[in-house]
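Before any comments, here is the structure.
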Protein chains: 2
Amino acid sequence: MAAGWQDIHDEALRRIQMREWCPGTLIPNETALAEEFGCARATVNRALQALADAGWLERRRKAGTRVALSPQRRAQMAIPLIRQEIERSGQSFSHSIIERSVTRMPPHLCAALSLNAPAEALHVRTLYMADARAFAFEDRWVNLAAVPSISDAALNDISPNEWLVQNAPFAHGTLDYSAVAASQDEARHLGCPTGTPLMVLERRTFGPDTAVTFMRLAHAPGHHLRLNI
Amino acid sequence: MAAGWQDIHDEALRRIQMREWCPGTLIPNETALAEEFGCARATVNRALQALADAGWLERRRKAGTRVALSPQRRAQMAIPLIRQEIERSGQSFSHSIIERSVTRMPPHLCAALSLNAPAEALHVRTLYMADARAFAFEDRWVNLAAVPSISDAALNDISPNEWLVQNAPFAHGTLDYSAVAASQDEARHLGCPTGTPLMVLERRTFGPDTAVTFMRLAHAPGHHLRLNI
DNA sequence: TAGTGGTCTAGACCACGGC
DNA sequence: CCGTGGTCTAGACCACTAG
């Protein structure tokens with residue numbers, strides 16, 4: 001007899017992994033499982049929902065619950081602040097503002113951020129350091145209409161990254177990683193030869209109403225993106 | 001008045017994003033919120049648990065529920081089969097086995113997979129194609145002790161990728177993306193100059209008891225990894 | 001239309017952990 | 001200690017959808 005929903009979850013997962021329940025097949029319905037495990041249907045429901053969230057099961061009303069054909073796992077990645085990422089590895093974090101200006105946002109960025117009209121933006125270029133080594137080079141555009149108060153922010157004291165996390169509520173956004181050859185500019189700041197393969201992260205962030213920021217972050221050579229499944 | 005837990009979830013999220021509930025502060029307890037929203041405590045609980053899972057809230061018994069200090073978002077990424085990734089973009093998928101052999105796994109891979117003893121392994125190198133273009137080049141080692149039946153698999157008909165997903169139950173693993181200069185070998189198969197920046201995915205997969213496979217997948221130039229938050 | 005999962009309720013007990 | 005979230009229950013109604 002199982003006690004909690006976790007136990008039922010684990011037992012169901014075992015049956016999936018051990019092929020007692022095969023991919024594509026129907027499993028008993030909630031009422032039947034509740035009887036088998038000697039618990040309420042809601043408890044079974046909770047366990048099976050967790051498995052569905054994790055991608056092991058596919059559930060449809062009336063059709064019942066099936067083991068996913070391709071147990072397509074979902075990897076979860078925590079998006080760390082750069083500061084945390086560096087300090088967690090035991091190094092000291094610092095940053096320096098390379099450039100800061102207020103200009104009109106270039107058209108291709110307006111398009112990328114779905115902005116109809118040309119927008120005034122804060123343009124900041126920042127170098128992030130781990131101990132004495134360059135960690136990443138950031139090129140960021142902040143829509144001043146969405147976050148006017150950043151004009152007065154002391155970005156030398158707190159990095160643009162952190163300032164926005166703490167001051168700009170946001171609803172959603174996209175991350176886009178790719179492998180790119182270092183430009184002359186990036187190479188100079190990161191201290192590597194031009195053309196070195198770099199992990200580049202482009203990030204768009206949108207607030208409840210409008211676009212907040214576009215960022216391109218070029219990581220120093222050797223950067224890894226790790227995920228668990 | 002809110003009706004379902006989704007409504008309560010959305011309203012709470014709104015209050016967090018609008019700074020009505022500020023980072024680090026305590027929010028009302030479940031009983032109070034249940035009264036405010038005119039519903040049962042369990043309904044509030046469900047909504048707040050979802051927010052905690054997403055990283056917006058931190059909950060502790062007795063201490064109550066706080067808005068997370070750094071609303072560290074977690075990005076979820078579906079790990080697609082290569083076939084699906086290609087076919088979803090409207091291209092046709094194919095693959096060809098470049099090399100297939102049974103050998104002893106190299107020591108550094110044994111170490112990477114936490115295998116104590118030297119293991120017999122199936123070594124497969126595969127080129128994945130989207131229409132007529134190379135999509136990715138895979139170098140894979142499968143632990144025969146964990147998946148003996150792959151010896152008889154017709155990997156020319158079904159890709160190693162898919163065969164394993166369908167036949168090798170697994171419990172967990174790691175993904176590791178990095179930007180790497182194309183080796184001569186990779187460049188030849190992917191049809192690009194040596195040294196071109198490539199997105200390389202290294203994947204370790206572990207079954208309930210032991211390591212299943214190590215894979216290195218070099219994507220063709222221009223590959224992007226997209227995530228939503 | 002009938003069977004299935006999705007959700008809500010009111011109440012209960014438990015486990016954790018500040019105080 | 002005792003307030004908080006975590007969970008279970010028994011029952012109910014609803015929403016979706018396959019047949």
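Starting from 1 in every chain, residues are counted up; chains themselves are A, B, ... following the order of the structure tokens, and ligands are numbered from 1 as listed.
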
Each residue of chain D with at least one atom at most 12 Å from chain A should appear once, together with its nearest atom pair and the corresponding distance in Å (one decimal); atoms considered: only C-alpha atoms (C1' of nucleotides); ordering: chain, then increasing residue number; output as a tab-separated table.
```
residue	atom	partner	partner_atom	distance
D:DG6	C1'	A:Gly4	CA	10.7
D:DT7	C1'	A:Gly4	CA	7.7
D:DC8	C1'	A:Thr43	CA	7.2
D:DT9	C1'	A:Ala40	CA	6.2
D:DA10	C1'	A:Ala40	CA	7.7
D:DG11	C1'	A:Ala40	CA	10.5
D:DC14	C1'	A:Arg61	CA	11.9
D:DA15	C1'	A:Arg61	CA	8.4
D:DC16	C1'	A:Arg61	CA	5.8
D:DT17	C1'	A:Lys62	CA	6.0
D:DA18	C1'	A:Ala63	CA	6.6
D:DG19	C1'	A:Lys62	CA	10.4
```

Distance cut-off 7 Å, counting only C-alpha atoms - which residues of chain A neighbour chain B? Return them as a ChimeraX atom specification. /A:17,70,72-80,169-170,172-181,197-199,223-229

Which residues, written as a list in words, have at least one atom at most 12 Å from Leu33 (chain B), with only C-alpha atoms (C1' of nucleotides) counted and residues fewer than 4 positions away on the same chain left out? Met1, Ala2, Trp5, Ile8, His9, Glu11, Ala12, Ile27, Pro28, Asn29, Phe37, Gly38, Cys39, Ala40, Arg41, Ala42, Thr43, Val44, Asn45, Ala47, Leu48 and Thr65 of chain B

Restrict the distance test to only C-alpha atoms (C1' of nucleotides), flag each residue of chain C within 8 Å of chain B, and return the flagged residues as a ChimeraX atom specification. /C:7-10,16-18

Determine which residues of region 124-210 of chain A DSSP labels as strand (DSSP E or B) from the backbone of this structure, then write them out as a count of residues only. 38

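For region 136-175 of chain B, a DSSP pass over the backbone yields alpha helix (DSSP H) at B:Pro160, B:Asn161, B:Glu162, B:Trp163, B:Leu164, B:Val165, B:Gln166, B:Asn167.
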
Selection above as a file: C-alpha atoms, as a CSV table (one decimal), in the first residue's frame:
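This went into part28.csv:
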```csv
chain,number,residue,atom,x,y,z
B,160,PRO,CA,20.5,5.4,-33.0
B,161,ASN,CA,18.8,8.4,-31.4
B,162,GLU,CA,15.4,7.0,-31.9
B,163,TRP,CA,16.2,3.4,-31.2
B,164,LEU,CA,17.5,4.3,-27.8
B,165,VAL,CA,14.6,6.6,-27.0
B,166,GLN,CA,12.3,3.7,-27.7
B,167,ASN,CA,14.2,0.9,-26.3
```

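With only C-alpha atoms (C1' of nucleotides) taken into account, the protein and nucleic acid residues at most 6 Å from Arg140 (chain A) (excluding it and anything under 5 positions from it in its own chain) are A:His123, A:Val124, A:Phe214, A:Met215.
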
Selection from above, N, CA, C and O atoms, as an mmCIF file, in the first residue's frame, can you write it?
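Saved to selection-v1.cif:
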```
data_model
loop_
_atom_site.group_PDB
_atom_site.id
_atom_site.type_symbol
_atom_site.label_atom_id
_atom_site.label_comp_id
_atom_site.auth_asym_id
_atom_site.auth_seq_id
_atom_site.Cartn_x
_atom_site.Cartn_y
_atom_site.Cartn_z
ATOM 1 N N HIS A 123 21.695 52.394 -24.327
ATOM 2 C CA HIS A 123 22.613 51.404 -24.878
ATOM 3 C C HIS A 123 23.791 51.264 -23.918
ATOM 4 O O HIS A 123 24.484 52.231 -23.634
ATOM 5 N N VAL A 124 23.978 50.051 -23.401
ATOM 6 C CA VAL A 124 25.054 49.820 -22.440
ATOM 7 C C VAL A 124 25.887 48.641 -22.905
ATOM 8 O O VAL A 124 25.338 47.591 -23.276
ATOM 9 N N PHE A 214 16.723 44.161 -25.152
ATOM 10 C CA PHE A 214 17.388 43.188 -26.001
ATOM 11 C C PHE A 214 18.846 43.106 -25.567
ATOM 12 O O PHE A 214 19.497 44.124 -25.362
ATOM 13 N N MET A 215 19.331 41.880 -25.399
ATOM 14 C CA MET A 215 20.684 41.711 -24.902
ATOM 15 C C MET A 215 21.420 40.663 -25.735
ATOM 16 O O MET A 215 20.853 39.636 -26.101
#
```

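You will find CA of Phe135 (chain B) at 5.2 Å from CA of Ala220 (chain B).
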
Separation of CA of Leu190 (chain A) from CA of Phe137 (chain A) in Å: 7.0 Å
